[in-house]
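> Below is the file structure.cif, which contains mmCIF, C-alpha atoms and all ligand atoms.
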data_upload
loop_
_atom_site.label_atom_id
_atom_site.label_comp_id
_atom_site.auth_asym_id
_atom_site.auth_seq_id
_atom_site.Cartn_x
_atom_site.Cartn_y
_atom_site.Cartn_z
CA MET A 1 98.33 114.72 89.03
CA ARG A 2 97.51 118.23 90.18
CA VAL A 3 100.54 119.87 91.81
CA ILE A 4 100.11 123.01 93.91
CA ILE A 5 103.17 124.86 95.18
CA LEU A 6 103.13 127.38 98.03
CA THR A 7 106.19 129.60 97.81
CA CYS A 8 107.58 133.04 98.54
CA TYR A 9 109.32 132.96 95.14
CA PRO A 10 106.70 132.03 92.47
CA GLU A 11 109.03 133.20 89.69
CA MET A 12 111.26 130.16 90.41
CA PHE A 13 108.59 127.94 88.76
CA PRO A 14 108.19 125.99 86.56
CA GLY A 15 112.03 126.14 86.53
CA SER A 16 113.39 122.68 85.74
CA LEU A 17 109.82 121.33 85.56
CA GLY A 18 109.39 123.15 82.23
CA TYR A 19 112.09 121.13 80.43
CA SER A 20 112.58 117.79 78.69
CA VAL A 21 110.42 114.81 79.71
CA ILE A 22 108.72 116.67 82.58
CA GLY A 23 108.16 119.79 80.47
CA ASN A 24 106.48 117.60 77.84
CA ALA A 25 104.35 115.97 80.53
CA LEU A 26 103.25 119.44 81.64
CA VAL A 27 102.38 120.51 78.08
CA ASN A 28 100.55 117.20 77.51
CA ASN A 29 98.50 117.59 80.73
CA LYS A 30 99.97 114.53 82.47
CA PHE A 31 100.12 116.90 85.42
CA SER A 32 99.09 120.48 86.15
CA LEU A 33 101.08 123.04 88.11
CA GLU A 34 99.55 125.84 90.22
CA ILE A 35 101.89 128.27 91.92
CA ILE A 36 100.61 130.21 94.92
CA ASN A 37 102.51 133.22 96.18
CA LEU A 38 102.57 133.23 99.99
CA HIS A 39 103.06 137.01 99.91
CA ASP A 40 99.49 137.31 98.54
CA PHE A 41 98.37 136.12 101.99
CA GLY A 42 100.79 138.26 104.01
CA ILE A 43 99.68 140.12 107.12
CA ASP A 44 100.22 143.66 105.86
CA LYS A 45 100.26 145.79 102.71
CA ARG A 46 103.85 144.71 102.06
CA GLY A 47 102.78 141.06 102.09
CA SER A 48 104.97 140.12 105.08
CA VAL A 49 104.84 136.38 105.81
CA ASP A 50 107.39 135.90 108.59
CA ASP A 51 108.33 137.00 112.08
CA GLU A 52 111.07 136.54 114.67
CA PRO A 53 111.35 133.14 116.42
CA PHE A 54 110.01 132.88 119.98
CA GLY A 55 112.84 131.91 122.31
CA GLY A 56 115.30 134.00 120.32
CA GLY A 57 117.88 132.99 117.76
CA PRO A 58 118.77 134.03 114.27
CA GLY A 59 116.51 134.26 111.21
CA MET A 60 112.80 134.51 110.66
CA VAL A 61 109.97 131.97 110.71
CA ILE A 62 106.96 131.81 108.35
CA ARG A 63 103.75 132.47 110.28
CA PRO A 64 101.04 129.79 110.67
CA ASP A 65 98.15 132.17 109.93
CA VAL A 66 99.71 133.03 106.54
CA ILE A 67 99.98 129.35 105.62
CA GLU A 68 96.39 128.72 106.76
CA LYS A 69 95.04 131.61 104.68
CA ALA A 70 96.91 130.36 101.61
CA LEU A 71 95.57 126.82 102.18
CA ASN A 72 92.01 128.11 102.55
CA SER A 73 92.26 129.56 99.04
CA ILE A 74 92.67 126.06 97.57
CA ILE A 75 89.78 123.77 96.76
CA PHE A 76 90.89 120.15 96.81
CA LYS A 77 88.94 118.18 94.24
CA THR A 78 89.65 114.63 95.42
CA GLN A 79 90.19 112.56 98.57
CA LYS A 80 93.54 111.36 97.16
CA SER A 81 95.53 114.43 98.14
CA CYS A 82 98.62 114.98 100.26
CA LYS A 83 100.30 117.99 101.81
CA ILE A 84 104.06 118.09 102.03
CA PHE A 85 106.35 120.51 103.81
CA LEU A 86 109.92 120.37 102.56
CA THR A 87 112.44 120.61 105.37
CA PRO A 88 115.90 119.20 106.10
CA SER A 89 114.46 117.86 109.36
CA GLY A 90 111.88 115.71 107.57
CA GLN A 91 111.82 112.04 106.54
CA LYS A 92 114.49 111.47 103.90
CA LEU A 93 113.09 111.13 100.36
CA SER A 94 113.67 107.79 98.63
CA GLN A 95 112.57 106.08 95.43
CA ALA A 96 110.13 104.00 97.51
CA LYS A 97 108.59 107.19 98.93
CA LEU A 98 108.34 108.71 95.42
CA ASN A 99 106.46 105.60 94.28
CA ILE A 100 103.90 106.15 97.04
CA LEU A 101 103.58 109.90 96.42
CA SER A 102 103.22 109.50 92.64
CA LYS A 103 99.87 107.71 93.21
CA TYR A 104 98.22 110.82 94.71
CA GLU A 105 95.89 112.79 92.48
CA GLU A 106 96.64 116.12 94.18
CA MET A 107 99.88 117.12 95.87
CA LEU A 108 100.39 120.36 97.73
CA VAL A 109 104.02 121.31 98.38
CA LEU A 110 104.98 124.01 100.87
CA CYS A 111 108.43 125.55 100.28
CA GLY A 112 110.06 126.99 103.38
CA ARG A 113 112.46 129.94 103.52
CA PHE A 114 114.50 131.62 106.26
CA GLU A 115 114.59 129.41 109.39
CA GLY A 116 111.50 127.48 108.30
CA VAL A 117 107.79 127.40 109.17
CA ASP A 118 105.95 127.66 112.51
CA GLN A 119 105.61 124.05 113.75
CA ARG A 120 101.93 124.53 114.60
CA ALA A 121 101.12 125.05 110.92
CA ILE A 122 102.90 121.80 110.03
CA GLU A 123 101.07 119.76 112.67
CA ILE A 124 97.61 121.33 112.72
CA LEU A 125 97.26 121.73 108.97
CA GLY A 126 98.42 118.15 108.34
CA PHE A 127 101.72 118.43 106.46
CA GLN A 128 104.10 115.46 106.03
CA GLU A 129 107.69 116.65 106.54
CA ILE A 130 110.07 115.51 103.80
CA SER A 131 113.78 116.19 103.27
CA ILE A 132 115.54 115.71 99.95
CA GLY A 133 118.83 114.88 101.71
CA ASP A 134 121.13 115.49 104.64
CA TYR A 135 122.20 119.01 103.75
CA VAL A 136 120.66 122.48 104.03
CA LEU A 137 119.53 124.64 101.10
CA SER A 138 118.34 128.25 101.40
CA GLY A 139 114.77 127.47 100.39
CA GLY A 140 112.34 124.71 99.46
CA GLU A 141 111.86 125.67 95.78
CA ILE A 142 114.68 123.53 94.35
CA ALA A 143 113.66 120.72 96.71
CA ALA A 144 110.07 121.00 95.41
CA GLN A 145 111.30 120.63 91.84
CA VAL A 146 113.28 117.53 92.86
CA LEU A 147 110.25 116.01 94.57
CA VAL A 148 107.78 116.83 91.78
CA GLU A 149 110.10 115.66 88.99
CA GLY A 150 110.76 112.40 90.86
CA CYS A 151 106.99 111.78 91.15
CA ILE A 152 105.91 112.86 87.69
CA ARG A 153 108.36 110.60 85.82
CA LEU A 154 106.71 107.63 87.57
CA ILE A 155 103.26 108.46 86.18
CA PRO A 156 102.38 105.96 83.43
CA GLY A 157 102.90 107.42 79.94
CA VAL A 158 105.37 110.12 81.02
CA LEU A 159 108.57 108.24 80.12
CA GLY A 160 109.03 107.13 76.51
CA HIS A 161 110.57 103.81 77.68
CA PRO A 162 108.73 102.63 80.82
CA GLN A 163 111.08 99.61 80.93
CA SER A 164 113.85 101.95 82.10
CA LEU A 165 111.99 102.45 85.42
CA LEU A 166 112.43 98.74 86.21
CA GLU A 167 116.20 98.76 85.73
CA GLU A 168 117.02 102.12 87.25
CA SER A 169 119.12 102.66 90.34
CA PHE A 170 117.23 101.88 93.61
CA SER A 171 114.53 99.82 91.87
CA ASN A 172 115.98 96.64 93.50
CA ASN A 173 118.08 98.28 96.18
CA LEU A 174 120.91 98.24 93.64
CA LEU A 175 122.68 100.95 91.66
CA GLU A 176 122.32 100.68 87.91
CA TYR A 177 125.06 99.11 85.75
CA PRO A 178 127.30 101.46 83.69
CA HIS A 179 126.31 102.55 80.16
CA TYR A 180 128.38 102.90 76.99
CA THR A 181 127.69 104.36 73.54
CA ARG A 182 129.52 105.29 70.31
CA PRO A 183 132.33 105.54 69.42
CA LYS A 184 133.21 101.87 70.01
CA VAL A 185 136.84 102.94 70.49
CA TRP A 186 137.29 106.40 71.97
CA GLU A 187 140.67 108.08 71.58
CA ASP A 188 141.18 110.69 74.29
CA ASN A 189 143.24 113.90 74.04
CA GLN A 190 146.41 112.05 75.08
CA GLY A 191 145.97 109.52 72.26
CA ASN A 192 144.95 106.69 74.62
CA LYS A 193 142.32 104.34 73.22
CA HIS A 194 139.41 103.15 75.38
CA GLU A 195 137.19 100.32 74.14
CA VAL A 196 133.63 99.46 75.02
CA PRO A 197 133.44 96.14 76.97
CA ASP A 198 133.36 93.30 74.38
CA VAL A 199 130.28 91.65 75.83
CA LEU A 200 128.10 94.68 75.02
CA ILE A 201 128.79 94.33 71.30
CA SER A 202 128.52 90.52 71.31
CA GLY A 203 124.76 90.58 70.62
CA HIS A 204 124.42 87.76 73.23
CA HIS A 205 121.55 88.99 75.44
CA GLU A 206 121.97 86.46 78.24
CA LYS A 207 125.64 87.30 78.58
CA ILE A 208 124.86 91.03 78.49
CA ASP A 209 122.26 90.63 81.27
CA LYS A 210 124.70 88.61 83.37
CA TRP A 211 127.46 91.20 82.86
CA ARG A 212 125.11 94.05 83.75
CA ASN A 213 123.89 92.30 86.91
CA GLU A 214 127.47 91.70 88.01
CA ARG A 215 128.50 95.32 87.38
CA SER A 216 125.41 96.53 89.20
CA LEU A 217 126.23 94.44 92.26
CA GLU A 218 129.91 95.38 92.14
CA LYS A 219 129.11 99.11 91.93
CA THR A 220 126.59 98.90 94.77
CA LYS A 221 129.03 97.02 97.00
CA PHE A 222 131.69 99.65 96.36
CA LEU A 223 129.64 102.89 96.49
CA ARG A 224 126.51 102.06 98.48
CA PRO A 225 126.91 98.93 100.63
CA ASP A 226 124.05 100.26 102.81
CA LEU A 227 121.62 99.42 99.96
CA LEU A 228 122.59 95.73 100.05
CA LYS A 229 121.93 95.59 103.79
CA LYS A 230 118.46 97.03 103.08
CA GLU A 231 117.86 94.30 100.48
CA ASN A 232 118.69 91.58 103.00
CA LYS A 233 116.36 93.15 105.55
CA ASN A 234 113.48 93.15 103.04
CA GLU A 235 113.88 89.43 102.39
C1 LIG B 301 117.72 127.47 105.50
S1 LIG B 301 116.49 126.23 105.37
C2 LIG B 301 115.94 126.04 107.04
C3 LIG B 301 116.78 125.06 107.80
C4 LIG B 301 116.23 124.78 109.19
N1 LIG B 301 116.44 125.92 110.05
C5 LIG B 301 116.93 123.57 109.76
O1 LIG B 301 118.02 123.72 110.34
O2 LIG B 301 116.39 122.44 109.61
C6 LIG B 301 115.14 127.07 104.62
C7 LIG B 301 114.16 126.18 103.88
O3 LIG B 301 114.84 125.52 102.82
C8 LIG B 301 114.20 124.27 102.55
N2 LIG B 301 115.22 123.21 102.62
C9 LIG B 301 116.53 123.38 102.89
N3 LIG B 301 117.18 122.22 102.86
C10 LIG B 301 116.28 121.27 102.53
C11 LIG B 301 116.35 119.85 102.36
N4 LIG B 301 117.48 119.19 102.54
N5 LIG B 301 115.21 119.20 102.05
C12 LIG B 301 114.06 119.88 101.89
N6 LIG B 301 113.92 121.21 102.05
C13 LIG B 301 115.02 121.89 102.36
C14 LIG B 301 113.12 124.09 103.60
O4 LIG B 301 111.87 124.41 103.03
C15 LIG B 301 113.52 125.07 104.67
O5 LIG B 301 112.41 125.52 105.41
#
Before anything else, please render the file you have as structure tokens.

Amino acid sequence: MRVIILTCYPEMFPGSLGYSVIGNALVNNKFSLEIINLHDFGIDKRGSVDDEPFGGGPGMVIRPDVIEKALNSIIFKTQKSCKIFLTPSGQKLSQAKLNILSKYEEMLVLCGRFEGVDQRAIEILGFQEISIGDYVLSGGEIAAQVLVEGCIRLIPGVLGHPQSLLEESFSNNLLEYPHYTRPKVWEDNQGNKHEVPDVLISGHHEKIDKWRNERSLEKTKFLRPDLLKKENKNE
């Protein structure tokens, strides 16, 4: 996948995208990352990209002509491309949405700042509006890294153990079961001993699967009952 980021803060990239599994995917050309500085397309010598909102109110808004100029500098190489504007007022990102987006060959991500971006640019230039959650950050750069990382790890060959994608939280509208590792008995600072559940060291795979399914359901019911309602709706 070719990922193109439009941002006022190019130095924030690759950021988290340069580390671990995703960093390896970048080095191994599973995806490419192009960072475009919106200030290079600013309206004056200082590279200004924003102006005051019509109708009044606090903050500044990124101008549509600046976004258009930046977009015109990009040559899309395929038909399978999408343009995303990250905004808290967009459609909430989900694992299902990441699955769809990860199939695109080119993804352009516009990071907002200040109060956001002139709505005409969003509509006329064909951006999908996506939010990474019901809260407000100061800019779209962290959100872009969340979105891109979520997509890239779904590309075949990126994860060492593709099986883990099938069992992860949200794959069946369930949260994943809990994990345990060594030591088998952990003694905490107070001298209390905590054992790993017996079934996990029984070597009995059917029983382990059953235990994991039960824990998964139990955890979902307790923390995210809304996911179970979704599952019923899908049936
Ligand atoms: C301070 S926010 C603007 C908030 C906007 N005035 C509103 O109330 O919806 C500045 C930029 O941060 C990014 N941003 C903040 N929260 C976000 C979220 N939850 N999801 C995606 N992007 C977000 C967007 O790019 C946004 O344009």
> Per residue of range 22-65 of chain A within 10 Å of range 117-124 of chain A, record the nearest atom pair and its distance in Å to one decimal, counting all atoms listed in the file, with rows in chain order and ascending residue number, as a Markdown table.

| residue | atom | partner | partner_atom | distance |
| --- | --- | --- | --- | --- |
| A:Asp50 | CA | A:Val117 | CA | 8.5 |
| A:Asp51 | CA | A:Asp118 | CA | 9.6 |
| A:Pro53 | CA | A:Asp118 | CA | 8.6 |
| A:Phe54 | CA | A:Asp118 | CA | 10.0 |
| A:Met60 | CA | A:Val117 | CA | 8.8 |
| A:Val61 | CA | A:Val117 | CA | 5.3 |
| A:Ile62 | CA | A:Val117 | CA | 4.6 |
| A:Arg63 | CA | A:Asp118 | CA | 5.7 |
| A:Pro64 | CA | A:Ala121 | CA | 4.7 |
| A:Asp65 | CA | A:Ala121 | CA | 7.8 |
> Those residues with C-alpha atoms, as a CSV table (one decimal), keeping the file's coordinate frame please?

chain,number,residue,atom,x,y,z
A,50,ASP,CA,107.4,135.9,108.6
A,51,ASP,CA,108.3,137.0,112.1
A,53,PRO,CA,111.4,133.1,116.4
A,54,PHE,CA,110.0,132.9,120.0
A,60,MET,CA,112.8,134.5,110.7
A,61,VAL,CA,110.0,132.0,110.7
A,62,ILE,CA,107.0,131.8,108.4
A,63,ARG,CA,103.8,132.5,110.3
A,64,PRO,CA,101.0,129.8,110.7
A,65,ASP,CA,98.2,132.2,109.9
> Within 10 Å of ligand LIG 301 (chain B), counting all atoms listed in the file: which residues, as an mmCIF file with C-alpha atoms, in the frame of the given file?

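Result file is part.cif:
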data_model
loop_
_atom_site.group_PDB
_atom_site.id
_atom_site.type_symbol
_atom_site.label_atom_id
_atom_site.label_comp_id
_atom_site.auth_asym_id
_atom_site.auth_seq_id
_atom_site.Cartn_x
_atom_site.Cartn_y
_atom_site.Cartn_z
ATOM 1 C CA THR A 7 106.190 129.600 97.810
ATOM 2 C CA PRO A 58 118.770 134.030 114.270
ATOM 3 C CA GLY A 59 116.510 134.260 111.210
ATOM 4 C CA MET A 60 112.800 134.510 110.660
ATOM 5 C CA VAL A 61 109.970 131.970 110.710
ATOM 6 C CA ILE A 62 106.960 131.810 108.350
ATOM 7 C CA PHE A 85 106.350 120.510 103.810
ATOM 8 C CA LEU A 86 109.920 120.370 102.560
ATOM 9 C CA THR A 87 112.440 120.610 105.370
ATOM 10 C CA PRO A 88 115.900 119.200 106.100
ATOM 11 C CA SER A 89 114.460 117.860 109.360
ATOM 12 C CA GLY A 90 111.880 115.710 107.570
ATOM 13 C CA GLN A 91 111.820 112.040 106.540
ATOM 14 C CA LYS A 92 114.490 111.470 103.900
ATOM 15 C CA LEU A 93 113.090 111.130 100.360
ATOM 16 C CA VAL A 109 104.020 121.310 98.380
ATOM 17 C CA LEU A 110 104.980 124.010 100.870
ATOM 18 C CA CYS A 111 108.430 125.550 100.280
ATOM 19 C CA GLY A 112 110.060 126.990 103.380
ATOM 20 C CA ARG A 113 112.460 129.940 103.520
ATOM 21 C CA PHE A 114 114.500 131.620 106.260
ATOM 22 C CA GLU A 115 114.590 129.410 109.390
ATOM 23 C CA GLY A 116 111.500 127.480 108.300
ATOM 24 C CA VAL A 117 107.790 127.400 109.170
ATOM 25 C CA ASP A 118 105.950 127.660 112.510
ATOM 26 C CA GLU A 129 107.690 116.650 106.540
ATOM 27 C CA ILE A 130 110.070 115.510 103.800
ATOM 28 C CA SER A 131 113.780 116.190 103.270
ATOM 29 C CA ILE A 132 115.540 115.710 99.950
ATOM 30 C CA GLY A 133 118.830 114.880 101.710
ATOM 31 C CA ASP A 134 121.130 115.490 104.640
ATOM 32 C CA TYR A 135 122.200 119.010 103.750
ATOM 33 C CA VAL A 136 120.660 122.480 104.030
ATOM 34 C CA LEU A 137 119.530 124.640 101.100
ATOM 35 C CA SER A 138 118.340 128.250 101.400
ATOM 36 C CA GLY A 139 114.770 127.470 100.390
ATOM 37 C CA GLY A 140 112.340 124.710 99.460
ATOM 38 C CA GLU A 141 111.860 125.670 95.780
ATOM 39 C CA ILE A 142 114.680 123.530 94.350
ATOM 40 C CA ALA A 143 113.660 120.720 96.710
ATOM 41 C CA ALA A 144 110.070 121.000 95.410
ATOM 42 C CA VAL A 146 113.280 117.530 92.860
ATOM 43 C CA LEU A 147 110.250 116.010 94.570
#
> I'd like the contact shell of range 222-225 of chain A - 10 Å cut-off, only C-alpha atoms, skipping same-chain residues fewer than 3 positions apart - returned as a list in words.
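That gives Asn173, Leu174, Leu175, Leu217, Glu218, Lys219, Leu228, Lys229 and Lys230 of chain A.
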> Have a look at CA of Ser16 in chain A and CA of His39 in chain A and let me know their distance in Å, one decimal.
22.6 Å
> Taking (118.5, 97.7, 82.8) as a centre in this file's frame and 9 Å as the limit, can you find every polymer residue with an atom that close, using only C-alpha atoms, and give them as a ChimeraX atom specification?
/A:163-168,176-177,209,212-213
> With a distance cut-off of 12 Å and all atoms listed in the file, select the neighbouring residues of range 20-23 of chain A, excluding the residue or stretch itself and same-chain residues fewer than 5 positions from it, and output the selection as a PyMOL selection string.
chain A and resi 13-15+28-33+145-146+148-155+157-161
> Mind pulling up the distance from CA of Ile208 in chain A to CA of Val185 in chain A?
18.7 Å
> Rank nothing, just name the residue among A:Trp211, A:Phe41, A:Phe170, A:Tyr9 nearest to Ala96 in chain A, using all atoms listed in the file.
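Residue with the minimum atom-to-atom distance to Ala96 in chain A: A:Phe170.
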> When you draw a straight line from CA of Gln190 in chain A to CA of Arg215 in chain A, how long is it in Å?
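CA of Arg215 in chain A lies 27.4 Å from CA of Gln190 in chain A.
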> Let me make sure I understand: among A:Glu11, A:Leu17, A:Arg2, A:Gly42, which one has the smallest atom-to-atom distance to Ile75 in chain A if we use all atoms listed in the file?
A:Arg2
